[in-house]
>>> print(open('coords-v2.csv').read())   # CSV, C-alpha atoms
chain,number,residue,atom,x,y,z
A,1402,MET,CA,-33.0,11.3,26.6
A,1403,ASP,CA,-36.4,10.3,25.5
A,1404,LEU,CA,-37.6,12.8,22.8
A,1405,SER,CA,-40.6,10.8,21.6
A,1406,CYS,CA,-43.2,13.2,23.2
A,1407,ARG,CA,-41.5,16.4,22.1
A,1408,ARG,CA,-41.8,18.4,19.0
A,1409,ARG,CA,-39.2,18.0,16.3
A,1410,THR,CA,-36.4,20.4,16.9
A,1411,GLU,CA,-35.2,22.7,14.1
A,1412,ARG,CA,-31.5,22.5,15.0
A,1413,GLN,CA,-29.4,19.4,15.6
A,1414,LEU,CA,-25.7,19.4,16.6
A,1415,VAL,CA,-23.6,16.8,14.8
A,1416,SER,CA,-19.8,16.4,14.9
A,1417,LEU,CA,-18.3,15.2,11.7
A,1418,ALA,CA,-14.6,14.6,10.7
A,1419,VAL,CA,-13.4,15.8,7.4
A,1420,GLY,CA,-11.3,13.2,5.6
A,1421,GLN,CA,-12.9,10.1,7.1
A,1422,GLY,CA,-15.5,9.4,4.4
A,1423,THR,CA,-18.4,10.8,6.4
A,1424,LEU,CA,-19.0,13.9,4.2
A,1425,PRO,CA,-19.7,14.1,0.5
A,1426,ALA,CA,-16.6,14.8,-1.6
A,1427,TRP,CA,-17.9,18.2,-2.7
A,1428,LEU,CA,-18.5,19.3,0.9
A,1429,GLU,CA,-15.0,18.2,2.0
A,1430,ARG,CA,-13.5,20.2,-0.8
A,1431,GLU,CA,-15.3,23.3,0.2
A,1432,LEU,CA,-14.4,22.9,3.9
A,1433,ALA,CA,-10.8,22.3,2.9
A,1434,GLU,CA,-10.6,26.0,1.8
A,1435,LEU,CA,-12.0,27.3,5.1
A,1436,GLN,CA,-10.1,28.7,8.1
A,1437,PRO,CA,-10.8,27.4,11.6
A,1438,GLY,CA,-13.8,29.2,13.2
A,1439,THR,CA,-15.4,29.8,9.8
A,1440,ALA,CA,-19.1,28.8,9.5
A,1441,ARG,CA,-20.9,28.0,6.3
A,1442,ARG,CA,-24.6,27.2,5.5
A,1443,TRP,CA,-25.9,25.1,2.7
A,1444,ARG,CA,-29.4,24.1,1.6
A,1445,LEU,CA,-29.4,20.4,0.7
A,1446,GLY,CA,-31.7,17.9,-0.9
A,1447,PRO,CA,-32.0,14.3,0.2
A,1448,ARG,CA,-29.2,13.1,-2.1
A,1449,GLN,CA,-26.7,15.8,-1.0
A,1450,ARG,CA,-26.9,15.0,2.7
A,1451,PRO,CA,-23.9,13.6,4.6
A,1452,GLN,CA,-24.3,9.9,5.4
A,1453,ALA,CA,-24.6,10.6,9.1
A,1454,LEU,CA,-27.8,12.6,8.4
A,1455,VAL,CA,-29.5,10.0,6.1
A,1456,GLY,CA,-32.5,8.5,7.8
A,1457,HIS,CA,-32.1,10.8,10.8
A,1458,PRO,CA,-35.4,10.5,12.8
A,1459,LEU,CA,-35.7,14.3,13.4
A,1460,LEU,CA,-35.2,15.3,9.8
A,1461,PRO,CA,-37.7,15.0,6.9
A,1462,SER,CA,-36.8,12.1,4.6
A,1463,ASN,CA,-37.7,14.2,1.6
A,1464,GLY,CA,-37.4,17.9,0.9
A,1465,LEU,CA,-34.7,20.4,1.6
A,1466,ILE,CA,-32.8,21.0,4.9
A,1467,TRP,CA,-30.4,23.7,6.0
A,1468,LEU,CA,-26.9,22.3,7.0
A,1469,GLU,CA,-24.7,24.7,8.9
A,1470,LEU,CA,-21.2,23.7,9.7
A,1471,GLU,CA,-18.4,25.4,11.6
A,1472,LEU,CA,-14.9,24.3,11.0
A,1473,LEU,CA,-13.3,23.8,14.4
A,1474,GLU,CA,-9.8,22.9,13.3
A,1475,THR,CA,-7.9,21.8,10.2
A,1476,ARG,CA,-5.3,19.0,9.8
A,1477,ARG,CA,-3.4,18.2,6.6
A,1478,PRO,CA,-4.6,14.7,5.4
A,1479,SER,CA,-2.5,11.6,4.9
A,1480,LEU,CA,0.6,12.8,6.9
A,1481,PRO,CA,1.9,11.2,10.1
A,1482,GLY,CA,0.9,13.0,13.2
A,1483,ASP,CA,-1.9,15.1,11.7
A,1484,GLY,CA,-4.8,13.1,13.2
A,1485,PRO,CA,-5.8,12.5,16.8
A,1486,SER,CA,-3.1,10.9,18.9
A,1487,GLY,CA,-0.6,11.2,16.0
A,1488,CYS,CA,-2.7,9.2,13.6
A,1489,ALA,CA,-2.7,10.1,9.9
A,1490,LEU,CA,-6.1,11.0,8.4
A,1491,ILE,CA,-7.2,9.1,5.3
A,1492,SER,CA,-10.7,8.9,3.7
A,1493,GLN,CA,-12.5,5.9,2.4
A,1494,ALA,CA,-12.1,7.2,-1.1
A,1495,GLU,CA,-8.3,7.6,-0.6
A,1496,VAL,CA,-8.1,3.9,0.6
A,1497,GLN,CA,-9.9,2.9,-2.5
A,1498,SER,CA,-7.4,4.8,-4.6
A,1499,LEU,CA,-4.6,2.7,-3.2
A,1500,PHE,CA,-5.9,-0.3,-5.0
A,1501,ASP,CA,-6.3,1.7,-8.2
A,1502,ARG,CA,-2.6,2.8,-7.8
A,1503,TRP,CA,-1.6,-0.9,-7.5
A,1504,ASN,CA,-3.7,-2.0,-10.5
A,1505,LYS,CA,-2.3,0.9,-12.6
A,1506,ALA,CA,1.1,-0.3,-11.7
A,1507,LEU,CA,0.2,-3.7,-13.1
A,1508,GLN,CA,-0.6,-2.1,-16.4
A,1509,SER,CA,2.9,-0.7,-16.6
A,1510,GLN,CA,4.3,-4.2,-17.0
A,1511,ASP,CA,7.1,-3.2,-14.6
A,1512,PRO,CA,7.5,-5.6,-11.7
A,1513,GLU,CA,9.9,-3.2,-9.9
A,1514,ARG,CA,7.4,-0.5,-10.0
A,1515,ILE,CA,4.8,-2.8,-8.4
A,1516,ALA,CA,7.3,-4.0,-5.7
A,1517,GLN,CA,8.0,-0.4,-4.7
A,1518,LEU,CA,4.4,-0.2,-3.5
A,1519,TYR,CA,5.1,-2.8,-0.8
A,1520,SER,CA,6.7,-2.0,2.6
A,1521,ARG,CA,10.2,-3.0,3.6
A,1522,ASP,CA,8.8,-5.9,5.7
A,1523,ALA,CA,5.9,-6.8,3.5
A,1524,VAL,CA,4.4,-10.2,3.2
A,1525,LEU,CA,2.8,-11.2,-0.1
A,1526,LEU,CA,0.7,-14.4,-0.2
A,1527,PRO,CA,0.0,-14.4,-4.0
A,1528,THR,CA,-2.9,-15.8,-6.0
A,1529,LEU,CA,-1.0,-18.0,-8.5
A,1530,SER,CA,2.0,-19.2,-6.4
A,1531,ASN,CA,2.3,-21.4,-3.3
A,1532,GLU,CA,5.4,-19.6,-2.1
A,1533,PRO,CA,5.1,-16.7,0.3
A,1534,ARG,CA,7.1,-13.6,-0.8
A,1535,THR,CA,8.7,-11.8,2.2
A,1536,ASP,CA,11.3,-9.6,0.6
A,1537,HIS,CA,11.7,-7.1,-2.2
A,1538,GLU,CA,13.5,-9.6,-4.6
A,1539,SER,CA,10.9,-12.4,-4.2
A,1540,ILE,CA,8.0,-9.9,-4.7
A,1541,VAL,CA,9.7,-8.7,-7.9
A,1542,ASP,CA,10.1,-12.3,-9.0
A,1543,TYR,CA,6.5,-13.1,-8.5
A,1544,PHE,CA,5.2,-10.2,-10.5
A,1545,SER,CA,7.8,-10.8,-13.3
A,1546,HIS,CA,5.9,-14.0,-13.9
A,1547,PHE,CA,2.4,-12.8,-13.1
A,1548,LEU,CA,2.7,-9.8,-15.5
A,1549,GLN,CA,3.3,-12.2,-18.4
A,1550,LYS,CA,-0.5,-12.9,-18.3
A,1551,ARG,CA,-1.2,-9.1,-18.7
A,1552,PRO,CA,-3.6,-9.0,-15.7
A,1553,ASN,CA,-6.2,-6.3,-15.1
A,1554,GLY,CA,-7.9,-6.3,-11.7
A,1555,GLU,CA,-11.3,-5.0,-10.6
A,1556,ILE,CA,-12.9,-5.1,-7.1
A,1557,SER,CA,-16.4,-6.6,-6.9
A,1558,GLN,CA,-16.9,-6.5,-3.1
A,1559,ARG,CA,-14.9,-4.8,-0.4
A,1560,GLU,CA,-14.9,-3.8,3.3
A,1561,ILE,CA,-12.6,-1.0,4.5
A,1562,LEU,CA,-11.3,-0.6,8.0
A,1563,ILE,CA,-9.4,2.6,9.0
A,1564,GLY,CA,-7.1,2.4,12.0
A,1565,CYS,CA,-4.3,4.5,13.4
A,1566,ASN,CA,-1.6,4.7,10.6
A,1567,MET,CA,-3.0,1.4,9.3
A,1568,VAL,CA,-5.9,0.6,6.9
A,1569,GLN,CA,-7.3,-2.6,5.7
A,1570,ASP,CA,-9.1,-3.2,2.4
A,1571,ALA,CA,-10.5,-6.8,2.0
A,1572,GLY,CA,-13.1,-8.5,-0.2
A,1573,LEU,CA,-13.3,-10.0,-3.6
A,1574,TYR,CA,-11.7,-9.1,-6.9
A,1575,ASN,CA,-11.6,-10.3,-10.5
A,1576,PHE,CA,-8.6,-10.5,-12.9
A,1577,ARG,CA,-8.9,-10.6,-16.6
A,1578,PHE,CA,-6.0,-11.7,-18.7
A,1579,LEU,CA,-4.8,-11.1,-22.2
A,1580,ASP,CA,-5.7,-14.6,-23.4
A,1581,GLY,CA,-9.4,-14.0,-22.4
A,1582,SER,CA,-9.3,-16.1,-19.2
A,1583,HIS,CA,-10.2,-14.7,-15.8
A,1584,ALA,CA,-9.8,-15.5,-12.2
A,1585,GLN,CA,-12.0,-14.6,-9.1
A,1586,ALA,CA,-10.2,-14.3,-5.8
A,1587,ARG,CA,-10.5,-13.2,-2.2
A,1588,TYR,CA,-8.1,-10.5,-1.2
A,1589,SER,CA,-6.8,-8.5,1.7
A,1590,PHE,CA,-4.5,-5.5,1.7
A,1591,ILE,CA,-3.1,-4.0,4.9
A,1592,TYR,CA,-1.5,-0.6,4.3
A,1593,VAL,CA,0.9,1.1,6.8
A,1594,LEU,CA,2.6,4.5,6.8
A,1595,GLU,CA,6.3,4.1,5.8
A,1596,ASP,CA,8.3,7.3,5.5
A,1597,GLY,CA,5.1,9.3,5.1
A,1598,GLU,CA,3.7,7.1,2.3
A,1599,TRP,CA,1.0,4.4,2.4
A,1600,LYS,CA,2.7,1.1,1.6
A,1601,ILE,CA,1.3,-2.5,1.4
A,1602,SER,CA,2.4,-4.4,4.5
A,1603,HIS,CA,0.4,-7.5,3.9
A,1604,HIS,CA,-1.3,-8.8,0.8
A,1605,HIS,CA,-3.2,-12.0,0.7
A,1606,SER,CA,-4.9,-13.3,-2.5
A,1607,SER,CA,-6.4,-16.7,-3.0
A,1608,LEU,CA,-8.7,-18.1,-5.7
A,1609,LEU,CA,-12.3,-18.7,-4.8
A,1610,PRO,CA,-12.8,-22.5,-4.1
A,1611,GLU,CA,-15.8,-22.8,-6.4
A,1612,ALA,CA,-14.4,-20.5,-9.1
A,1613,GLY,CA,-10.7,-21.0,-9.8
A,1614,GLN,CA,-9.2,-19.8,-13.1
A,1615,ARG,CA,-11.3,-20.0,-16.2
>>> encode(input="coords-v2.csv", output="structure tokens")
Amino acid sequence: MDLSCRRRTERQLVSLAVGQGTLPAWLERELAELQPGTARRWRLGPRQRPQALVGHPLLPSNGLIWLELELLETRRPSLPGDGPSGCALISQAEVQSLFDRWNKALQSQDPERIAQLYSRDAVLLPTLSNEPRTDHESIVDYFSHFLQKRPNGEISQREILIGCNMVQDAGLYNFRFLDGSHAQARYSFIYVLEDGEWKISHHHSSLLPEAGQR
């Protein structure tokens, strides 16, 4: 509908999903405590707005707005069958934390702990080995050698895609090693739900052609 010739409306209806990274974390926490059918109202500044409302043509770019939300239904996040069509709900922040969990496991210096983060049918195409790792034992073997370098990873660029019981996190990351050297690499993690837990199904990592290890 063409609204260009009409006055700005005072109320706009927007449907937003909690747990999908569309709402600020503080707002999701407050909504998590509400019962279905409950409505709440907040007065928000420009920096507090949900991403879906940033740059909205019918809202002032600066100044305060009233945001009124009604919780239509609740679903427990990160469990199979809790989302639409049986899909688990997971937020962007929760996907990001999956890499943090993996990187923290690296610091443990325990290759078995790291391998436990991979699914039963996982495929690992590692950074510093030409051999694909397709079972638990070979993944443990790779990290047994990789951990000798005392790696610590940090993501510099990423894109996250959330699907039905599958999420993808891909981009660029950097590793720093105990001897002062470092490596820049491209990466992709694909996570799947296995026995109610997010596990790494596919992990590809390759050095940047122009960078390599320094």
>>> closest_residue(input="coords-v2.csv", among="A:Arg1441, A:Gln1449, A:Gly1581, A:Glu1469", to="Trp1427 (chain A)", atoms="only C-alpha atoms")
A:Gln1449
>>> atom_distance(input="coords-v2.csv", atom1="CA of Leu1445 (chain A)", atom2="CA of Gly1464 (chain A)")
8.4 Å
>>> residues_around(input="coords-v2.csv", residues="region 1598-1605 of chain A", least_positions_apart="2", cutoff="6 Å", atoms="all atoms listed in the file", output="JSON, numbers by chain")
{"A": [1518, 1519, 1520, 1523, 1524, 1525, 1526, 1588, 1589, 1590, 1591, 1592, 1593, 1594, 1595, 1596]}
>>> write_last_selection(input="coords-v2.csv", atoms="C-alpha atoms", output="compact mmCIF listing (two decimals), in the coordinates of the input")
# COMPACT_ATOMS: atom_id res chain seq x y z
CA LEU A 1518 4.40 -0.20 -3.50
CA TYR A 1519 5.10 -2.80 -0.80
CA SER A 1520 6.70 -2.00 2.60
CA ALA A 1523 5.90 -6.80 3.50
CA VAL A 1524 4.40 -10.20 3.20
CA LEU A 1525 2.80 -11.20 -0.10
CA LEU A 1526 0.70 -14.40 -0.20
CA TYR A 1588 -8.10 -10.50 -1.20
CA SER A 1589 -6.80 -8.50 1.70
CA PHE A 1590 -4.50 -5.50 1.70
CA ILE A 1591 -3.10 -4.00 4.90
CA TYR A 1592 -1.50 -0.60 4.30
CA VAL A 1593 0.90 1.10 6.80
CA LEU A 1594 2.60 4.50 6.80
CA GLU A 1595 6.30 4.10 5.80
CA ASP A 1596 8.30 7.30 5.50
>>> atom_distance(input="coords-v2.csv", atom1="CA of Thr1528 (chain A)", atom2="CA of Ala1586 (chain A)")
7.5 Å
>>> closest_residue(input="coords-v2.csv", among="A:Ala1584, A:Ala1516, A:Ala1433, A:Val1568", to="His1537 (chain A)", atoms="all atoms listed in the file")
A:Ala1516
>>> closest_atom_pairs(input="coords-v2.csv", of="region 1509-1602 of chain A", to="region 1487-1491 of chain A", cutoff="8 Å", atoms="only C-alpha atoms", output="JSON lines")
{"residue": "A:Ile1563", "atom": "CA", "partner": "A:Ile1491", "partner_atom": "CA", "distance": 7.8}
{"residue": "A:Cys1565", "atom": "CA", "partner": "A:Cys1488", "partner_atom": "CA", "distance": 5.0}
{"residue": "A:Asn1566", "atom": "CA", "partner": "A:Cys1488", "partner_atom": "CA", "distance": 5.5}
>>> atom_distance(input="coords-v2.csv", atom1="CA of Leu1432 (chain A)", atom2="CA of Leu1472 (chain A)")
7.3 Å
>>> residues_around(input="coords-v2.csv", residues="Glu1555 (chain A)", least_positions_apart="5", cutoff="9 Å", atoms="all atoms listed in the file", output="ChimeraX atom specification")
/A:1501,1504,1573-1577
>>> closest_residue(input="coords-v2.csv", among="A:Leu1562, A:Pro1527, A:Leu1507, A:Leu1470", to="Ser1606 (chain A)", atoms="only C-alpha atoms")
A:Pro1527
>>> closest_residue(input="coords-v2.csv", among="A:Asn1531, A:His1583, A:Asp1511, A:Gln1569", to="Leu1548 (chain A)", atoms="all atoms listed in the file")
A:Asp1511
>>> residues_near_point(input="coords-v2.csv", point="(11.8, -6.0, -8.7)", cutoff="9 Å", atoms="all atoms listed in the file", output="PyMOL selection string")
chain A and resi 1511-1517+1537-1545
>>> closest_residue(input="coords-v2.csv", among="A:Gly1597, A:Ile1466, A:Glu1560, A:Arg1551", to="Pro1451 (chain A)", atoms="all atoms listed in the file")
A:Ile1466
